[in-house]
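Below is one structure, written out as structure tokens; comments come after it.
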Amino acid sequence: MFKTDLLKDKVVLITGGGTGLGRAMGERFLELGAKLAICGRREEVLKTAAAEMMALHGGEVFTTGCDVRDATQVDTMVADVWKHYGAIDILVNNAAGNFTSPTEMLSHRAVDAVLGIVAHGTFYVTLAVGKQWIANKHKGRVLSIVATYTESGSAFVVPSAAGKAAVLAMSKSLAVEWARYGITMVCIAPGPFPTPGAWERLMPDPSLHEMAINRIPLRRVGRHEELANLASYLVSDQAEYINGECIRIDGGEFIKGAGEFSWMEQLTTEQWMALSEKSKKVGK
Ligand code: HXC
Ligand code: NAP
């Protein structure tokens with residue numbers, strides 16, 4: 001759906017780019033001509049992913065181990081990527097941690113584990129890359145992957161909801177503050193896109209999957225290529241004027257939850273005929 005040179009020679013750093021949605025976006029960026037750098041904690045996972053991605057799509061995938069919760073590791077990682085490619089053009093904040101749990105069952109270490117990756121880690125990487133862009137007078141684009149519950153909050157994933165809301169606030173704030181340096185920000189809020197990393201932690205029992213799908217008006221989960229294509233457009237020069245926005249891609253799940261009468265989708269045609277007869281008689 002795009003010209004094959006849409007991202008030609010753009011250097012894209014994707015945190016958590018060795019698995020799941022980070023890898024799906026990376027593969028699409030490679031197809032569109034980008035040069036990739038991916039980081040994560042597990043170096044073996046990164047190396048295997050990079051080899052497979054290059055075999056499938058050609059191009060170059062540079063890997064570097066990094067725990068984004070450690071600001072020193074982040075600074076080293078960003079410096080290594082910059083040195084390797086001579087610049088970074090696009091940062092995709094994709095690394096995250098999450099699991100479902102009643103909040104009162106969480107220890108403070110569990111809270112820190114999620115907020116450390118999502119809020120602090122995302123901020124550290126954005127700050128390190130942003131400082132390089134400003135010092136080198138280099139334009140930059142940041143895409144942060146958040147979640148639909150940044151607006152609403154969500155029960156049972158409270159540290160993630162708080163962390164993703166922080167990422168959205170950071171993105172909107174920097175969209176204004178750093179625009180004068182040619183640095184722009186955008187977010188994607190995905191609904192459910194099955195990946196082993198998310199699915200096994202959030203819905204460890206497969207019986208929960210059907211319940212999750214029934215919440216979605218389209219009655220299906222997202223396809224990785226749908227997210228990867230949206231991300232490709234949003235990181236491209238074509239989308240620069242979209243600054244400080246968050247784009248939801250969830251098959252209508254979020255607005256269904258908010259719609260006062262959405263629950264009426266359960267009614268059968270017969271029930272609607274009967275209700276219609278009754279309501280037509282009101283006031284007569
Ligand atoms: C309660 C838990 C827990 C769980 C861990 N903890 N899992 N508490 N329920 N399911 C607690 C531990 O007991 C420990 O506390 C503390 O959290 C730290 O655990 P560690 O295992 O030592 O942490 P660590 O190795 O740093 O791993 C971080 C992690 C893990 C966040 C806990 O899940 C991870 O590595 N996640 C990365 C990938 C990921 O989460 N992907 C999914 C993203 S999906 P104590 O007190 O015992 O020491 C997403 C969007 C979803 O974000 C939206 C869907 C629509
Ligand atoms: P995933 O495969 O578990 O991806 C998470 C990635 O982050 C992994 O590659 C992981 O690698 C990396 N990571 C985690 N902690 C890290 C740390 N401390 N330092 C560096 N890297 C770290 O899950 P996913 O489903 O693809 O999620 C990708 C993004 O989409 C996340 O931001 C998530 O919140 C968002 N999202 C997903 C869904 C969905 O339905 N899948 C929905 C909404 C939003 P290591 O473990 O090797 O570090």
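Just so we're on the same page: first chain in the structure tokens is A, next is B, and so on; residues restart at 1 for each chain, and ligands are numbered from 1 in the order they show up.
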(request) Assign secondary structure with DSSP using the backbone only, and return the residues of region 132-224 of chain A in alpha helix (DSSP H) as an MDAnalysis selection string. (result) chainID A and resid 132:135 149:152 158:177 196:202 207:214 224
(request) Could I get the residue neighbourhood of ligand 1 at 6 Å, counting only C-alpha atoms and all ligand atoms, as a ChimeraX atom specification? (result) /A:96-99,101,106-107,109-110,113-114,147,191-192,197-198
Which chain A residues have any atom within 7 Å of an atom of ligand 2, and for each, what is the nearest pair of atoms with distance in Å to one decimal, counting only C-alpha atoms and all ligand atoms, rows sorted by chain and number, as CSV?
residue,atom,partner,partner_atom_place_in_ligand_line,distance
A:Thr15,CA,ligand 2,21 (N),5.8
A:Gly16,CA,ligand 2,9 (O),3.5
A:Gly17,CA,ligand 2,9 (O),5.5
A:Gly18,CA,ligand 2,9 (O),5.0
A:Thr19,CA,ligand 2,2 (O),4.4
A:Gly20,CA,ligand 2,26 (O),3.4
A:Leu21,CA,ligand 2,26 (O),3.8
A:Gly22,CA,ligand 2,26 (O),5.6
A:Cys39,CA,ligand 2,21 (N),6.3
A:Gly40,CA,ligand 2,21 (N),3.6
A:Arg41,CA,ligand 2,48 (O),3.6
A:Arg42,CA,ligand 2,47 (O),3.9
A:Glu43,CA,ligand 2,47 (O),6.9
A:Val45,CA,ligand 2,47 (O),6.5
A:Cys66,CA,ligand 2,20 (C),5.5
A:Asp67,CA,ligand 2,19 (N),3.5
A:Val68,CA,ligand 2,19 (N),4.0
A:Arg69,CA,ligand 2,18 (N),5.3
A:Asn94,CA,ligand 2,32 (O),4.2
A:Ala95,CA,ligand 2,7 (O),3.3
A:Ala96,CA,ligand 2,32 (O),4.5
A:Gly97,CA,ligand 2,14 (C),5.4
A:Ile117,CA,ligand 2,18 (N),4.9
A:Gly121,CA,ligand 2,18 (N),7.0
A:Ile145,CA,ligand 2,32 (O),4.9
A:Val146,CA,ligand 2,44 (C),5.5
A:Ala147,CA,ligand 2,43 (C),4.5
A:Ala189,CA,ligand 2,43 (C),6.2
A:Pro190,CA,ligand 2,43 (C),4.4
A:Gly191,CA,ligand 2,42 (C),5.1
A:Pro192,CA,ligand 2,40 (O),3.6
A:Phe193,CA,ligand 2,40 (O),3.7
A:Pro194,CA,ligand 2,41 (N),5.1
A:Thr195,CA,ligand 2,25 (O),4.9
A:Pro196,CA,ligand 2,2 (O),6.3
A:Gly197,CA,ligand 2,3 (O),3.4
A:Ala198,CA,ligand 2,25 (O),4.4
A:Trp199,CA,ligand 2,41 (N),7.0
(request) Rank A:Gln132, A:Asn243, A:Gln271, A:Asn229 by their smallest atom-to-atom distance to Lys3 (chain A), using only C-alpha atoms, and report the top residue only. (result)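 Closest to Lys3 (chain A) of all the choices is A:Asn229.
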(message) Just list as a PyMOL selection string whatever in region 129-193 of chain A DSSP marks as strand (DSSP E or B).
(response) chain A and resi 140-145+183-190
Include N, CA, C and O atoms and write out the residues we just selected as a PDB file, in the first residue's frame.
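Result file is result-v2.pdb:
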ATOM      1  N   GLY A 140      13.838  14.875  14.068  1.00  0.00           N
ATOM      2  CA  GLY A 140      13.517  13.557  14.618  1.00  0.00           C
ATOM      3  C   GLY A 140      12.028  13.324  14.743  1.00  0.00           C
ATOM      4  O   GLY A 140      11.233  14.275  14.794  1.00  0.00           O
ATOM      5  N   ARG A 141      11.666  12.059  14.751  1.00  0.00           N
ATOM      6  CA  ARG A 141      10.264  11.661  14.879  1.00  0.00           C
ATOM      7  C   ARG A 141      10.193  10.576  15.951  1.00  0.00           C
ATOM      8  O   ARG A 141      10.977   9.614  15.905  1.00  0.00           O
ATOM      9  N   VAL A 142       9.264  10.712  16.892  1.00  0.00           N
ATOM     10  CA  VAL A 142       9.089   9.695  17.935  1.00  0.00           C
ATOM     11  C   VAL A 142       7.683   9.121  17.826  1.00  0.00           C
ATOM     12  O   VAL A 142       6.697   9.866  17.848  1.00  0.00           O
ATOM     13  N   LEU A 143       7.608   7.799  17.696  1.00  0.00           N
ATOM     14  CA  LEU A 143       6.322   7.089  17.760  1.00  0.00           C
ATOM     15  C   LEU A 143       6.322   6.271  19.047  1.00  0.00           C
ATOM     16  O   LEU A 143       7.211   5.440  19.256  1.00  0.00           O
ATOM     17  N   SER A 144       5.347   6.502  19.913  1.00  0.00           N
ATOM     18  CA  SER A 144       5.245   5.719  21.146  1.00  0.00           C
ATOM     19  C   SER A 144       3.995   4.847  21.086  1.00  0.00           C
ATOM     20  O   SER A 144       2.904   5.326  20.743  1.00  0.00           O
ATOM     21  N   ILE A 145       4.182   3.567  21.415  1.00  0.00           N
ATOM     22  CA  ILE A 145       3.047   2.640  21.416  1.00  0.00           C
ATOM     23  C   ILE A 145       2.440   2.669  22.819  1.00  0.00           C
ATOM     24  O   ILE A 145       3.097   2.284  23.796  1.00  0.00           O
ATOM     25  N   ILE A 183      11.612  18.229  16.035  1.00  0.00           N
ATOM     26  CA  ILE A 183      11.316  16.912  16.629  1.00  0.00           C
ATOM     27  C   ILE A 183       9.808  16.836  16.860  1.00  0.00           C
ATOM     28  O   ILE A 183       9.238  17.712  17.525  1.00  0.00           O
ATOM     29  N   THR A 184       9.182  15.807  16.301  1.00  0.00           N
ATOM     30  CA  THR A 184       7.728  15.681  16.422  1.00  0.00           C
ATOM     31  C   THR A 184       7.369  14.328  17.034  1.00  0.00           C
ATOM     32  O   THR A 184       8.159  13.380  16.997  1.00  0.00           O
ATOM     33  N   MET A 185       6.159  14.267  17.578  1.00  0.00           N
ATOM     34  CA  MET A 185       5.744  13.105  18.391  1.00  0.00           C
ATOM     35  C   MET A 185       4.375  12.603  17.933  1.00  0.00           C
ATOM     36  O   MET A 185       3.488  13.412  17.653  1.00  0.00           O
ATOM     37  N   VAL A 186       4.227  11.305  17.988  1.00  0.00           N
ATOM     38  CA  VAL A 186       2.915  10.724  17.713  1.00  0.00           C
ATOM     39  C   VAL A 186       2.801   9.426  18.504  1.00  0.00           C
ATOM     40  O   VAL A 186       3.812   8.819  18.861  1.00  0.00           O
ATOM     41  N   CYS A 187       1.569   9.029  18.811  1.00  0.00           N
ATOM     42  CA  CYS A 187       1.355   7.769  19.543  1.00  0.00           C
ATOM     43  C   CYS A 187       0.345   6.905  18.794  1.00  0.00           C
ATOM     44  O   CYS A 187      -0.524   7.418  18.084  1.00  0.00           O
ATOM     45  N   ILE A 188       0.466   5.602  18.982  1.00  0.00           N
ATOM     46  CA  ILE A 188      -0.567   4.663  18.523  1.00  0.00           C
ATOM     47  C   ILE A 188      -1.099   3.944  19.765  1.00  0.00           C
ATOM     48  O   ILE A 188      -0.327   3.482  20.606  1.00  0.00           O
ATOM     49  N   ALA A 189      -2.430   3.860  19.858  1.00  0.00           N
ATOM     50  CA  ALA A 189      -3.069   3.108  20.940  1.00  0.00           C
ATOM     51  C   ALA A 189      -3.724   1.868  20.331  1.00  0.00           C
ATOM     52  O   ALA A 189      -4.810   1.957  19.757  1.00  0.00           O
ATOM     53  N   PRO A 190      -3.057   0.719  20.396  1.00  0.00           N
ATOM     54  CA  PRO A 190      -3.648  -0.488  19.799  1.00  0.00           C
ATOM     55  C   PRO A 190      -4.669  -1.140  20.733  1.00  0.00           C
ATOM     56  O   PRO A 190      -4.484  -1.140  21.951  1.00  0.00           O
TER      57      PRO A 190
END
(message) Excluding Ala50 (chain A) and its own-chain neighbours fewer than 4 positions away, which residues fall within 10 Å of it when counting only C-alpha atoms? Please give them as a count of residues only.
(response) 18
(request) Select, from A:Val78, A:Val221, A:Leu202, A:Ala169, the residue with the minimum atom-to-atom distance to Phe156 (chain A), counting only C-alpha atoms. (result)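 For Phe156 (chain A), the nearest of the candidates is A:Leu202.
Between CA of Gly58 (chain A) and CA of Asn136 (chain A) lies a distance of 29.1 Å.
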(request) Would you list the contacts of region 212-220 of chain A as an NGL selection string, taking every protein, DNA or RNA residue within 10 Å and counting only C-alpha atoms, but skipping same-chain residues closer than 6 positions in sequence? (result) :A and (191-193 or 203 or 250-257 or 262-263 or 265)
Restrict the selected residues to all heavy atoms and save them as an mmCIF file, in the first residue's frame.
data_model
loop_
_atom_site.group_PDB
_atom_site.id
_atom_site.type_symbol
_atom_site.label_atom_id
_atom_site.label_comp_id
_atom_site.auth_asym_id
_atom_site.auth_seq_id
_atom_site.Cartn_x
_atom_site.Cartn_y
_atom_site.Cartn_z
ATOM 1 N N GLY A 191 -5.703 -1.715 20.142
ATOM 2 C CA GLY A 191 -6.552 -2.659 20.879
ATOM 3 C C GLY A 191 -5.828 -3.992 20.889
ATOM 4 O O GLY A 191 -4.602 -4.041 20.747
ATOM 5 N N PRO A 192 -6.549 -5.103 21.018
ATOM 6 C CA PRO A 192 -5.867 -6.399 21.118
ATOM 7 C C PRO A 192 -5.264 -6.891 19.794
ATOM 8 O O PRO A 192 -5.971 -7.043 18.801
ATOM 9 C CB PRO A 192 -6.970 -7.355 21.584
ATOM 10 C CG PRO A 192 -8.224 -6.596 21.584
ATOM 11 C CD PRO A 192 -7.984 -5.179 21.239
ATOM 12 N N PHE A 193 -3.952 -7.089 19.811
ATOM 13 C CA PHE A 193 -3.187 -7.664 18.695
ATOM 14 C C PHE A 193 -2.404 -8.832 19.288
ATOM 15 O O PHE A 193 -1.344 -8.592 19.910
ATOM 16 C CB PHE A 193 -2.203 -6.639 18.096
ATOM 17 C CG PHE A 193 -2.843 -5.604 17.218
ATOM 18 C CD1 PHE A 193 -3.580 -4.564 17.766
ATOM 19 C CD2 PHE A 193 -2.710 -5.670 15.844
ATOM 20 C CE1 PHE A 193 -4.174 -3.606 16.954
ATOM 21 C CE2 PHE A 193 -3.305 -4.710 15.021
ATOM 22 C CZ PHE A 193 -4.036 -3.684 15.575
ATOM 23 N N MET A 203 -3.745 -12.691 29.461
ATOM 24 C CA MET A 203 -4.850 -13.654 29.469
ATOM 25 C C MET A 203 -4.263 -15.052 29.484
ATOM 26 O O MET A 203 -4.348 -15.783 28.485
ATOM 27 C CB MET A 203 -5.744 -13.431 28.249
ATOM 28 C CG MET A 203 -6.498 -12.124 28.347
ATOM 29 S SD MET A 203 -7.584 -11.825 26.981
ATOM 30 C CE MET A 203 -6.461 -11.167 25.789
ATOM 31 N N ASP A 250 -8.356 -0.213 17.001
ATOM 32 C CA ASP A 250 -8.918 -1.225 17.916
ATOM 33 C C ASP A 250 -10.249 -1.806 17.448
ATOM 34 O O ASP A 250 -10.985 -2.388 18.259
ATOM 35 C CB ASP A 250 -9.081 -0.621 19.310
ATOM 36 C CG ASP A 250 -10.219 0.401 19.374
ATOM 37 O OD1 ASP A 250 -10.690 0.843 18.307
ATOM 38 O OD2 ASP A 250 -10.645 0.736 20.489
ATOM 39 N N GLY A 251 -10.577 -1.644 16.157
ATOM 40 C CA GLY A 251 -11.833 -2.229 15.647
ATOM 41 C C GLY A 251 -13.082 -1.634 16.286
ATOM 42 O O GLY A 251 -14.164 -2.228 16.212
ATOM 43 N N GLY A 252 -12.937 -0.470 16.945
ATOM 44 C CA GLY A 252 -14.099 0.170 17.572
ATOM 45 C C GLY A 252 -14.330 -0.246 19.021
ATOM 46 O O GLY A 252 -15.339 0.129 19.628
ATOM 47 N N GLU A 253 -13.384 -1.001 19.592
ATOM 48 C CA GLU A 253 -13.572 -1.522 20.960
ATOM 49 C C GLU A 253 -13.755 -0.404 21.994
ATOM 50 O O GLU A 253 -14.639 -0.474 22.847
ATOM 51 C CB GLU A 253 -12.356 -2.377 21.353
ATOM 52 C CG GLU A 253 -12.476 -2.982 22.734
ATOM 53 C CD GLU A 253 -11.191 -3.676 23.170
ATOM 54 O OE1 GLU A 253 -10.094 -3.223 22.802
ATOM 55 O OE2 GLU A 253 -11.290 -4.675 23.888
ATOM 56 N N PHE A 254 -12.925 0.639 21.881
ATOM 57 C CA PHE A 254 -12.958 1.689 22.906
ATOM 58 C C PHE A 254 -14.295 2.426 22.900
ATOM 59 O O PHE A 254 -14.925 2.591 23.935
ATOM 60 C CB PHE A 254 -11.801 2.673 22.678
ATOM 61 C CG PHE A 254 -11.711 3.740 23.728
ATOM 62 C CD1 PHE A 254 -11.023 3.515 24.903
ATOM 63 C CD2 PHE A 254 -12.310 4.980 23.538
ATOM 64 C CE1 PHE A 254 -10.927 4.496 25.882
ATOM 65 C CE2 PHE A 254 -12.224 5.970 24.505
ATOM 66 C CZ PHE A 254 -11.531 5.729 25.678
ATOM 67 N N ILE A 255 -14.738 2.842 21.709
ATOM 68 C CA ILE A 255 -15.977 3.625 21.689
ATOM 69 C C ILE A 255 -17.188 2.755 21.984
ATOM 70 O O ILE A 255 -18.184 3.234 22.506
ATOM 71 C CB ILE A 255 -16.190 4.422 20.377
ATOM 72 C CG1 ILE A 255 -15.968 3.555 19.166
ATOM 73 C CG2 ILE A 255 -15.328 5.661 20.336
ATOM 74 C CD1 ILE A 255 -16.404 4.252 17.886
ATOM 75 N N LYS A 256 -17.085 1.449 21.691
ATOM 76 C CA LYS A 256 -18.194 0.572 22.080
ATOM 77 C C LYS A 256 -18.349 0.586 23.598
ATOM 78 O O LYS A 256 -19.453 0.668 24.133
ATOM 79 C CB LYS A 256 -17.933 -0.861 21.605
ATOM 80 C CG LYS A 256 -19.039 -1.810 22.047
ATOM 81 C CD LYS A 256 -18.765 -3.243 21.690
ATOM 82 C CE LYS A 256 -19.755 -4.143 22.410
ATOM 83 N NZ LYS A 256 -19.485 -5.557 22.204
ATOM 84 N N GLY A 257 -17.231 0.540 24.304
ATOM 85 C CA GLY A 257 -17.277 0.552 25.768
ATOM 86 C C GLY A 257 -17.894 1.832 26.297
ATOM 87 O O GLY A 257 -18.562 1.824 27.330
ATOM 88 N N SER A 262 -24.528 0.782 23.635
ATOM 89 C CA SER A 262 -23.811 -0.261 22.897
ATOM 90 C C SER A 262 -24.266 -1.668 23.296
ATOM 91 O O SER A 262 -24.277 -2.587 22.475
ATOM 92 C CB SER A 262 -22.297 -0.155 23.149
ATOM 93 O OG SER A 262 -21.788 1.073 22.689
ATOM 94 N N TRP A 263 -24.670 -1.822 24.545
ATOM 95 C CA TRP A 263 -25.072 -3.153 25.028
ATOM 96 C C TRP A 263 -26.271 -3.695 24.259
ATOM 97 O O TRP A 263 -26.520 -4.891 24.230
ATOM 98 C CB TRP A 263 -25.385 -3.106 26.531
ATOM 99 C CG TRP A 263 -26.443 -2.108 26.905
ATOM 100 C CD1 TRP A 263 -26.254 -0.788 27.193
ATOM 101 C CD2 TRP A 263 -27.856 -2.341 26.991
ATOM 102 N NE1 TRP A 263 -27.446 -0.173 27.459
ATOM 103 C CE2 TRP A 263 -28.455 -1.102 27.347
ATOM 104 C CE3 TRP A 263 -28.684 -3.448 26.811
ATOM 105 C CZ2 TRP A 263 -29.827 -0.969 27.519
ATOM 106 C CZ3 TRP A 263 -30.052 -3.307 26.983
ATOM 107 C CH2 TRP A 263 -30.613 -2.066 27.335
ATOM 108 N N GLU A 265 -26.571 -4.228 21.289
ATOM 109 C CA GLU A 265 -26.212 -5.110 20.175
ATOM 110 C C GLU A 265 -26.567 -6.569 20.479
ATOM 111 O O GLU A 265 -26.636 -7.407 19.587
ATOM 112 C CB GLU A 265 -24.723 -4.990 19.818
ATOM 113 C CG GLU A 265 -23.803 -5.573 20.840
ATOM 114 C CD GLU A 265 -22.371 -5.710 20.357
ATOM 115 O OE1 GLU A 265 -22.048 -5.316 19.234
ATOM 116 O OE2 GLU A 265 -21.579 -6.234 21.156
#
